[in-house]
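Reproduced below: data-v1.pdb, with PDB, C-alpha atoms.
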```pdb
ATOM      1  CA  MET Y 795      90.211 129.144 122.002
ATOM      2  CA  THR Y 796      90.567 125.694 120.480
ATOM      3  CA  HIS Y 797      91.364 125.442 116.773
ATOM      4  CA  SER Y 798      90.810 122.244 114.791
ATOM      5  CA  ALA Y 799      93.771 120.547 113.175
ATOM      6  CA  ALA Y 800      93.985 118.980 109.743
ATOM      7  CA  PRO Y 801      93.060 115.281 109.753
ATOM      8  CA  ARG Y 802      95.818 112.790 110.472
ATOM      9  CA  ALA Y 803      96.019 109.158 109.462
ATOM     10  CA  ALA Y 804      93.981 107.056 111.902
ATOM     11  CA  GLY Y 805      93.350 110.064 114.143
ATOM     12  CA  PHE Y 806      90.356 111.915 115.594
ATOM     13  CA  THR Y 807      89.637 115.616 115.202
ATOM     14  CA  ARG Y 808      86.845 117.377 117.099
ATOM     15  CA  PHE Y 809      85.548 120.792 116.099
ATOM     16  CA  THR Y 810      82.811 122.917 117.629
ATOM     17  CA  THR Y 811      81.559 126.380 116.770
ATOM     18  CA  GLU Y 812      81.076 127.041 120.493
ATOM     19  CA  SER Y 813      84.778 127.892 120.631
ATOM     20  CA  TRP Y 814      84.222 130.919 118.375
ATOM     21  CA  PRO Y 815      82.339 134.229 118.624
ATOM     22  CA  GLU Y 816      78.978 134.123 116.858
ATOM     23  CA  THR Y 817      80.195 136.493 114.132
ATOM     24  CA  ARG Y 818      82.946 134.044 113.109
ATOM     25  CA  ARG Y 819      81.219 130.696 113.498
ATOM     26  CA  VAL Y 820      80.071 130.247 109.905
ATOM     27  CA  LEU Y 821      83.478 131.181 108.491
ATOM     28  CA  GLN Y 822      85.287 128.786 110.830
ATOM     29  CA  TRP Y 823      82.749 126.041 110.041
ATOM     30  CA  GLU Y 824      83.504 126.456 106.330
ATOM     31  CA  ARG Y 825      87.247 126.426 106.921
ATOM     32  CA  HIS Y 826      87.099 123.337 109.093
ATOM     33  CA  ASN Y 827      84.984 121.393 106.588
ATOM     34  CA  ALA Y 828      87.337 122.336 103.767
ATOM     35  CA  ARG Y 829      90.204 120.784 105.754
ATOM     36  CA  ALA Y 830      88.389 117.805 107.228
ATOM     37  CA  LEU Y 831      85.864 116.718 104.573
ATOM     38  CA  LEU Y 832      84.705 118.963 101.704
ATOM     39  CA  GLY Y 833      84.873 122.582 100.728
ATOM     40  CA  LEU Y 834      81.372 124.055 101.280
ATOM     41  CA  THR Y 835      79.608 127.392 101.591
ATOM     42  CA  ALA Y 836      77.322 127.662 104.648
ATOM     43  CA  ARG Y 837      74.301 129.938 105.131
ATOM     44  CA  THR Y 838      72.407 130.491 108.377
ATOM     45  CA  ASP Y 839      69.620 132.658 109.751
ATOM     46  CA  PRO Y 840      71.498 135.619 111.271
ATOM     47  CA  ARG Y 841      68.761 135.996 113.900
ATOM     48  CA  VAL Y 842      69.487 132.539 115.354
ATOM     49  CA  PRO Y 843      72.869 131.564 116.865
ATOM     50  CA  PHE Y 844      74.557 128.898 114.745
ATOM     51  CA  ARG Y 845      75.803 125.827 116.591
ATOM     52  CA  ALA Y 846      77.580 122.863 115.038
ATOM     53  CA  THR Y 847      79.923 120.077 116.110
ATOM     54  CA  GLU Y 848      81.911 117.635 114.010
ATOM     55  CA  LEU Y 849      83.932 114.619 115.076
ATOM     56  CA  THR Y 850      86.158 113.368 112.253
ATOM     57  CA  LEU Y 851      88.119 110.140 112.066
ATOM     58  CA  ALA Y 852      90.805 110.230 109.378
ATOM     59  CA  LEU Y 853      91.926 106.763 108.341
ATOM     60  CA  PRO Y 854      94.787 106.122 105.902
ATOM     61  CA  ARG Y 855      92.365 106.219 102.941
ATOM     62  CA  LEU Y 856      88.898 107.030 104.248
ATOM     63  CA  GLN Y 857      87.349 109.809 106.297
ATOM     64  CA  LEU Y 858      84.461 109.307 108.705
ATOM     65  CA  ALA Y 859      82.514 111.964 110.568
ATOM     66  CA  GLN Y 860      79.572 112.572 112.864
ATOM     67  CA  VAL Y 861      77.991 115.989 112.387
ATOM     68  CA  THR Y 862      75.391 117.766 114.493
ATOM     69  CA  GLY Y 863      74.130 121.263 113.898
ATOM     70  CA  SER Y 864      71.327 123.777 114.142
ATOM     71  CA  ALA Y 865      69.313 124.900 111.110
ATOM     72  CA  HIS Y 866      71.468 125.921 108.134
ATOM     73  CA  ARG Y 867      72.212 125.251 104.470
ATOM     74  CA  VAL Y 868      75.438 124.170 102.822
ATOM     75  CA  ALA Y 869      76.395 124.096  99.149
ATOM     76  CA  ARG Y 870      79.240 122.669  97.116
ATOM     77  CA  ARG Y 871      79.651 125.050  94.200
ATOM     78  CA  PRO Y 872      81.588 124.664  90.938
ATOM     79  CA  LEU Y 873      84.204 127.017  92.411
ATOM     80  CA  HIS Y 874      84.791 124.628  95.358
ATOM     81  CA  ILE Y 875      85.107 121.705  92.965
ATOM     82  CA  ALA Y 876      87.605 123.579  90.794
ATOM     83  CA  GLN Y 877      89.681 124.761  93.762
ATOM     84  CA  THR Y 878      89.514 121.609  95.900
ATOM     85  CA  PRO Y 879      88.499 118.575  93.779
ATOM     86  CA  ALA Y 880      87.620 115.659  96.014
ATOM     87  CA  SER Y 881      87.869 112.723  93.580
ATOM     88  CA  SER Y 882      85.627 110.983  96.095
ATOM     89  CA  VAL Y 883      82.189 109.565  96.737
ATOM     90  CA  VAL Y 884      80.404 110.576  99.942
ATOM     91  CA  ALA Y 885      77.590 108.864 101.838
ATOM     92  CA  TYR Y 886      75.407 110.750 104.342
ATOM     93  CA  PHE Y 887      73.351 108.827 106.948
ATOM     94  CA  ALA Y 888      70.570 110.932 108.521
ATOM     95  CA  LEU Y 889      70.178 110.243 112.252
ATOM     96  CA  ARG Y 890      68.033 113.252 113.197
ATOM     97  CA  GLY Y 891      66.368 115.996 111.169
ATOM     98  CA  THR Y 892      64.892 115.713 107.693
ATOM     99  CA  GLY Y 893      67.050 117.327 105.028
ATOM    100  CA  GLN Y 894      66.580 118.439 101.431
ATOM    101  CA  PHE Y 895      69.264 117.486  98.934
ATOM    102  CA  PHE Y 896      69.298 119.593  95.749
ATOM    103  CA  HIS Y 897      71.324 118.324  92.788
ATOM    104  CA  LEU Y 898      71.588 118.806  89.031
ATOM    105  CA  ASP Y 899      68.554 116.586  88.320
ATOM    106  CA  GLY Y 900      66.198 117.698  91.081
ATOM    107  CA  CYS Y 901      65.712 117.303  94.811
ATOM    108  CA  GLU Y 902      65.729 114.392  97.255
ATOM    109  CA  THR Y 903      64.254 114.350 100.760
ATOM    110  CA  VAL Y 904      66.388 112.451 103.267
ATOM    111  CA  ALA Y 905      64.640 111.552 106.521
ATOM    112  CA  PRO Y 906      66.126 109.876 109.621
ATOM    113  CA  GLY Y 907      66.939 106.258 108.792
ATOM    114  CA  GLN Y 908      67.691 107.178 105.190
ATOM    115  CA  GLY Y 909      70.944 108.031 103.441
ATOM    116  CA  ILE Y 910      72.288 109.292 100.167
ATOM    117  CA  VAL Y 911      75.487 108.627  98.184
ATOM    118  CA  VAL Y 912      76.818 111.498  96.073
ATOM    119  CA  ASP Y 913      79.681 112.300  93.746
ATOM    120  CA  ALA Y 914      81.598 114.986  95.640
ATOM    121  CA  ASP Y 915      82.776 116.597  92.393
ATOM    122  CA  LEU Y 916      79.271 117.441  91.199
ATOM    123  CA  PRO Y 917      77.501 120.587  92.534
ATOM    124  CA  PHE Y 918      74.851 120.123  95.226
ATOM    125  CA  GLU Y 919      73.100 121.978  98.026
ATOM    126  CA  ARG Y 920      71.698 120.673 101.308
ATOM    127  CA  GLY Y 921      69.174 122.292 103.627
ATOM    128  CA  PHE Y 922      68.360 121.427 107.244
ATOM    129  CA  ALA Y 923      65.380 123.477 108.393
ATOM    130  CA  GLN Y 924      65.239 121.782 111.807
ATOM    131  CA  GLY Y 925      68.935 121.047 112.243
ATOM    132  CA  LEU Y 926      70.660 117.714 111.779
ATOM    133  CA  SER Y 927      72.637 114.825 113.169
ATOM    134  CA  GLU Y 928      74.302 112.540 110.634
ATOM    135  CA  LEU Y 929      77.140 110.156 109.880
ATOM    136  CA  VAL Y 930      79.422 110.783 106.900
ATOM    137  CA  VAL Y 931      81.701 108.436 104.956
ATOM    138  CA  LYS Y 932      84.063 109.885 102.353
ATOM    139  CA  VAL Y 933      85.698 107.327 100.040
ATOM    140  CA  PRO Y 934      88.271 108.205  97.355
ATOM    141  CA  ARG Y 935      87.312 106.756  94.000
ATOM    142  CA  ALA Y 936      90.755 105.165  93.765
ATOM    143  CA  ALA Y 937      89.911 103.019  96.826
ATOM    144  CA  LEU Y 938      86.781 101.535  95.224
ATOM    145  CA  PRO Y 939      86.846  98.301  93.194
ATOM    146  CA  GLY Y 940      87.289  98.851  89.460
ATOM    147  CA  PRO Y 941      83.715  98.029  88.346
ATOM    148  CA  VAL Y 942      82.248 100.440  90.929
ATOM    149  CA  ARG Y 943      84.899 103.120  90.399
ATOM    150  CA  SER Y 944      84.222 103.294  86.676
ATOM    151  CA  ARG Y 945      80.467 103.732  87.043
ATOM    152  CA  ASN Y 946      79.160 107.108  85.990
ATOM    153  CA  ARG Y 947      76.626 108.055  88.659
ATOM    154  CA  PRO Y 948      75.650 111.708  88.133
ATOM    155  CA  ARG Y 949      72.416 111.260  90.080
ATOM    156  CA  PRO Y 950      72.642 110.713  93.858
ATOM    157  CA  LEU Y 951      71.730 107.259  95.160
ATOM    158  CA  ALA Y 952      69.184 107.256  98.011
ATOM    159  CA  PHE Y 953      68.942 104.265 100.353
ATOM    160  CA  GLU Y 954      67.428 103.037 103.627
ATOM    161  CA  PHE Y 955      69.633 101.959 106.507
ATOM    162  CA  SER Y 956      67.038 101.346 109.227
ATOM    163  CA  GLY Y 957      65.095  98.106 109.447
ATOM    164  CA  THR Y 958      65.980  95.026 107.441
ATOM    165  CA  SER Y 959      65.462  96.172 103.839
ATOM    166  CA  ASN Y 960      69.137  97.029 103.264
ATOM    167  CA  PRO Y 961      71.421  94.947 105.526
ATOM    168  CA  ALA Y 962      74.618  96.286 103.944
ATOM    169  CA  ALA Y 963      73.644  99.922 104.623
ATOM    170  CA  ALA Y 964      72.513  99.067 108.162
ATOM    171  CA  ALA Y 965      75.794  97.273 108.864
ATOM    172  CA  LEU Y 966      77.771 100.182 107.422
ATOM    173  CA  ALA Y 967      75.967 102.694 109.647
ATOM    174  CA  ARG Y 968      76.632 100.555 112.735
ATOM    175  CA  LEU Y 969      80.288 100.114 111.796
ATOM    176  CA  VAL Y 970      80.859 103.829 111.217
ATOM    177  CA  GLY Y 971      79.008 104.773 114.400
ATOM    178  CA  GLY Y 972      81.096 102.305 116.391
ATOM    179  CA  ALA Y 973      84.318 103.593 114.849
ATOM    180  CA  LEU Y 974      83.488 107.177 115.784
ATOM    181  CA  ALA Y 975      82.730 105.994 119.307
ATOM    182  CA  GLY Y 976      86.361 104.828 119.439
ATOM    183  CA  ARG Y 977      85.716 101.082 119.654
ATOM    184  CA  PRO Y 978      87.853  99.561 116.830
ATOM    185  CA  SER Y 979      91.620  99.306 117.113
ATOM    186  CA  ASP Y 980      92.579  97.628 113.821
ATOM    187  CA  TRP Y 981      92.265 100.578 111.423
ATOM    188  CA  GLU Y 982      93.314  98.576 108.360
ATOM    189  CA  LEU Y 983      90.649  95.951 109.010
ATOM    190  CA  LEU Y 984      88.089  98.696 109.669
ATOM    191  CA  GLU Y 985      88.837 100.284 106.299
ATOM    192  CA  GLU Y 986      88.487  96.979 104.471
ATOM    193  CA  GLU Y 987      85.111  96.300 106.117
ATOM    194  CA  ILE Y 988      83.830  99.813 105.393
ATOM    195  CA  LEU Y 989      84.945  99.617 101.758
ATOM    196  CA  ALA Y 990      83.242  96.252 101.289
ATOM    197  CA  LEU Y 991      79.958  97.479 102.770
ATOM    198  CA  PHE Y 992      80.163 100.820 100.941
ATOM    199  CA  THR Y 993      80.566  98.911  97.679
ATOM    200  CA  ASP Y 994      77.549  96.762  98.550
ATOM    201  CA  VAL Y 995      75.459  99.880  99.127
ATOM    202  CA  MET Y 996      76.525 101.385  95.800
ATOM    203  CA  VAL Y 997      75.697  98.267  93.816
ATOM    204  CA  GLY Y 998      72.639  97.389  95.861
ATOM    205  CA  GLY Y 999      74.003  93.962  96.811
ATOM    206  CA  SER Y1000      75.241  92.126  99.852
ATOM    207  CA  THR Y1001      78.312  90.223 100.953
ATOM    208  CA  LEU Y1002      76.425  86.992 100.264
ATOM    209  CA  ASP Y1003      76.273  88.079  96.617
ATOM    210  CA  HIS Y1004      80.062  88.456  96.662
ATOM    211  CA  LEU Y1005      80.533  84.984  98.127
ATOM    212  CA  GLY Y1006      78.209  83.466  95.542
ATOM    213  CA  ALA Y1007      79.941  85.357  92.742
ATOM    214  CA  ALA Y1008      83.345  84.159  93.959
ATOM    215  CA  GLU Y1009      82.165  80.555  94.114
ATOM    216  CA  GLU Y1010      80.712  80.820  90.601
ATOM    217  CA  PHE Y1011      83.971  82.311  89.321
ATOM    218  CA  ILE Y1012      85.862  79.349  90.787
ATOM    219  CA  ARG Y1013      83.421  76.882  89.206
ATOM    220  CA  THR Y1014      84.003  78.394  85.764
ATOM    221  CA  ASN Y1015      87.767  78.995  86.062
ATOM    222  CA  TYR Y1016      89.123  76.116  88.176
ATOM    223  CA  GLN Y1017      90.942  74.703  85.118
ATOM    224  CA  ARG Y1018      93.339  77.674  85.100
ATOM    225  CA  PRO Y1019      96.507  76.751  87.073
ATOM    226  CA  GLU Y1020      97.120  80.421  87.870
ATOM    227  CA  LEU Y1021      93.723  80.851  89.574
ATOM    228  CA  SER Y1022      94.271  82.519  92.955
ATOM    229  CA  ALA Y1023      92.573  84.583  95.636
ATOM    230  CA  THR Y1024      94.042  87.730  94.078
ATOM    231  CA  GLY Y1025      92.430  87.061  90.708
ATOM    232  CA  ILE Y1026      89.103  86.001  92.227
ATOM    233  CA  ALA Y1027      88.885  89.117  94.408
ATOM    234  CA  ALA Y1028      89.629  91.369  91.439
ATOM    235  CA  ALA Y1029      86.977  89.627  89.329
ATOM    236  CA  VAL Y1030      84.329  89.935  92.051
ATOM    237  CA  GLY Y1031      85.224  93.536  92.888
ATOM    238  CA  ILE Y1032      86.348  93.224  96.524
ATOM    239  CA  SER Y1033      89.679  93.089  98.319
ATOM    240  CA  GLU Y1034      91.577  89.851  98.798
ATOM    241  CA  ARG Y1035      91.293  90.280 102.546
ATOM    242  CA  GLN Y1036      87.528  90.651 102.359
ATOM    243  CA  LEU Y1037      87.339  87.593 100.100
ATOM    244  CA  SER Y1038      89.236  85.538 102.658
ATOM    245  CA  ARG Y1039      86.873  86.658 105.436
ATOM    246  CA  LEU Y1040      83.829  85.704 103.359
ATOM    247  CA  PHE Y1041      85.145  82.187 102.783
ATOM    248  CA  ALA Y1042      86.184  81.894 106.429
ATOM    249  CA  SER Y1043      82.595  82.710 107.437
ATOM    250  CA  ALA Y1044      81.551  79.744 105.260
ATOM    251  CA  GLY Y1045      84.036  77.474 107.051
ATOM    252  CA  ARG Y1046      86.813  77.150 104.458
ATOM    253  CA  THR Y1047      89.611  78.993 102.721
ATOM    254  CA  VAL Y1048      89.873  80.186  99.139
ATOM    255  CA  PRO Y1049      92.561  77.596  98.225
ATOM    256  CA  GLN Y1050      90.329  74.880  99.698
ATOM    257  CA  ALA Y1051      87.421  76.025  97.528
ATOM    258  CA  ILE Y1052      89.614  75.999  94.411
ATOM    259  CA  LEU Y1053      90.970  72.539  95.244
ATOM    260  CA  ALA Y1054      87.464  71.196  95.900
ATOM    261  CA  ALA Y1055      86.282  72.399  92.485
ATOM    262  CA  ARG Y1056      89.263  70.775  90.759
ATOM    263  CA  LEU Y1057      88.936  67.483  92.613
ATOM    264  CA  GLY Y1058      85.201  67.402  92.002
ATOM    265  CA  GLU Y1059      85.724  67.674  88.247
ATOM    266  CA  ALA Y1060      88.538  65.122  88.357
ATOM    267  CA  HIS Y1061      86.270  62.657  90.143
ATOM    268  CA  ARG Y1062      83.554  63.236  87.537
ATOM    269  CA  LEU Y1063      85.972  62.544  84.679
ATOM    270  CA  LEU Y1064      87.479  59.478  86.332
ATOM    271  CA  SER Y1065      84.041  57.963  86.856
ATOM    272  CA  SER Y1066      82.754  58.781  83.354
ATOM    273  CA  PRO Y1067      82.926  56.051  80.654
ATOM    274  CA  GLU Y1068      82.972  58.850  78.069
ATOM    275  CA  ALA Y1069      86.302  60.070  79.477
ATOM    276  CA  VAL Y1070      87.980  56.666  79.729
ATOM    277  CA  HIS Y1071      90.261  57.550  76.838
ATOM    278  CA  LEU Y1072      91.825  60.403  78.824
ATOM    279  CA  ALA Y1073      95.128  59.677  80.534
ATOM    280  CA  ILE Y1074      95.500  60.615  84.202
ATOM    281  CA  ALA Y1075      97.961  63.344  83.192
ATOM    282  CA  ASP Y1076      95.372  64.795  80.787
ATOM    283  CA  ILE Y1077      92.739  64.873  83.526
ATOM    284  CA  SER Y1078      95.221  66.524  85.847
ATOM    285  CA  ALA Y1079      95.902  69.263  83.294
ATOM    286  CA  ARG Y1080      92.206  69.742  82.450
ATOM    287  CA  CYS Y1081      91.398  70.285  86.107
ATOM    288  CA  GLY Y1082      94.009  73.003  86.620
ATOM    289  CA  PHE Y1083      96.664  71.121  88.580
ATOM    290  CA  SER Y1084     100.165  72.409  87.963
ATOM    291  CA  SER Y1085     101.689  68.893  88.002
ATOM    292  CA  HIS Y1086     100.661  65.243  87.901
ATOM    293  CA  ALA Y1087     102.371  64.694  91.267
ATOM    294  CA  GLN Y1088     100.367  67.471  92.912
ATOM    295  CA  PHE Y1089      97.164  66.016  91.466
ATOM    296  CA  SER Y1090      97.921  62.497  92.731
ATOM    297  CA  ARG Y1091      98.758  63.704  96.249
ATOM    298  CA  SER Y1092      95.643  65.885  96.482
ATOM    299  CA  TYR Y1093      93.362  63.217  95.039
ATOM    300  CA  ARG Y1094      94.661  60.513  97.376
ATOM    301  CA  ALA Y1095      94.306  62.810 100.392
ATOM    302  CA  CYS Y1096      90.685  63.516  99.467
ATOM    303  CA  PHE Y1097      89.447  60.098  98.263
ATOM    304  CA  GLY Y1098      91.772  57.710 100.068
ATOM    305  CA  MET Y1099      93.418  56.170  96.981
ATOM    306  CA  PRO Y1100      95.387  57.293  93.918
ATOM    307  CA  PRO Y1101      93.361  58.404  90.886
ATOM    308  CA  LEU Y1102      94.208  55.442  88.627
ATOM    309  CA  ARG Y1103      93.124  52.830  91.157
ATOM    310  CA  HIS Y1104      90.005  54.855  92.005
ATOM    311  CA  ARG Y1105      89.113  55.035  88.308
ATOM    312  CA  ARG Y1106      89.274  51.258  87.988
ATOM    313  CA  GLY Y1107      86.998  50.839  90.962
ATOM    314  CA  LEU Y1108      84.553  53.513  89.781
ATOM    315  CA  LEU Y1109      84.289  52.130  86.264
ATOM    316  CA  ALA Y1110      83.999  48.534  87.495
TER     317      ALA Y1110
END
```
Could you rewrite the structure in this file as structure tokens?
Amino acid sequence: MTHSAAPRAAGFTRFTTESWPETRRVLQWERHNARALLGLTARTDPRVPFRATELTLALPRLQLAQVTGSAHRVARRPLHIAQTPASSVVAYFALRGTGQFFHLDGCETVAPGQGIVVDADLPFERGFAQGLSELVVKVPRAALPGPVRSRNRPRPLAFEFSGTSNPAAAALARLVGGALAGRPSDWELLEEEILALFTDVMVGGSTLDHLGAAEEFIRTNYQRPELSATGIAAAVGISERQLSRLFASAGRTVPQAILAARLGEAHRLLSSPEAVHLAIADISARCGFSSHAQFSRSYRACFGMPPLRHRRGLLA
């Protein structure tokens, strides 16, 4: 008889009730879920054999799973929450079988192609009258960006992940499905991508929104010499690595975007008669350059001549 092991960092665990006598399947299903994902109570029709399989991928911070099973109900009770607090948010993606999700404020129906995000430390119950197949993503709150982490979301968030209405949710489902199929090899990169898409689903946005927000933050903060990718990522609510990938997809780096904003403002000031009273050093400081020498080198590299000579030509 094969027993499931506790999840390991960046490791797969497969569990099936077929390895157990019918009289012990529900108990072993509960025990496995308590170790691998969440502590739950399961109920089945005793007249029908219960069958369930779960493939879990434990990453350093996140847990992914694909679950299939016959008809049953599961519940996360206050006792589970008290004994095994999750401090996590969980997303369920329904692949097969329509389920009912009961929570403190009512009930949600989740059909194939739909998903739901829940706070794992609030009581809920789920019912699958015709069985189920689903993907699961469990994310610790500590791994989420600050603005998302601090949101109080007592009511579950339902979403679509089929079609084109929610590209972030669709991309997240594909990414998780591919990971559970064993395709990715860079687990750290996989986690960053999942976290970015999970955040998009929770806020109802997209990675394009993050890129636009980062560019706007640069436009309004370029004058700060300490402006960096770290500060921009924190302000936008994504990781620095994800921020770099977004700018790379647009054909540039974060430092290049910051420099372009500073040089653009410097050019505007140098060509403005209203700013003719400003010394070159003053313009350099206003535009966020840490030194006059750095400003002169960068300006000459961009415009082909030093700022003072360019100003004379522009104003002439």
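Excluding Y:Thr850 itself and any same-chain residue fewer than 5 positions from it, the protein and nucleic acid residues within 6 Å of it, counting only C-alpha atoms, are Phe806, Thr807, Leu858 and Ala859 of chain Y.
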For those residues, write C-alpha atoms to a file as a PDB file, in the coordinates of the input.
```
ATOM      1  CA  PHE Y 806      90.356 111.915 115.594  1.00  0.00           C
ATOM      2  CA  THR Y 807      89.637 115.616 115.202  1.00  0.00           C
ATOM      3  CA  LEU Y 858      84.461 109.307 108.705  1.00  0.00           C
ATOM      4  CA  ALA Y 859      82.514 111.964 110.568  1.00  0.00           C
TER       5      ALA Y 859
END
```
Atom CA of Y:His1071 to atom CA of Y:Arg1106, distance in Å rounded to a single decimal: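 According to the coordinates, atom CA of Y:His1071 and atom CA of Y:Arg1106 are separated by 12.8 Å.
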Contact table stretch 851-942 of chain Y vs stretch 989-994 of chain Y, cut-off 8 Å, shortest pair per residue, all atoms listed in the file, as CSV:
```
residue,atom,partner,partner_atom,distance
Y:Val933,CA,Y:Leu989,CA,7.9
Y:Ala937,CA,Y:Leu989,CA,7.8
Y:Leu938,CA,Y:Leu989,CA,7.1
Y:Pro939,CA,Y:Thr993,CA,7.7
Y:Val942,CA,Y:Thr993,CA,7.1
```
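As for atom CA of Y:Glu987 and atom CA of Y:Thr810, they are spaced 29.1 Å apart.
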Who sits within 7 Å of Y:Val911, all atoms listed in the file, same chain under 2 positions skipped, as a ChimeraX atom specification: /Y:883-886,909,950-952
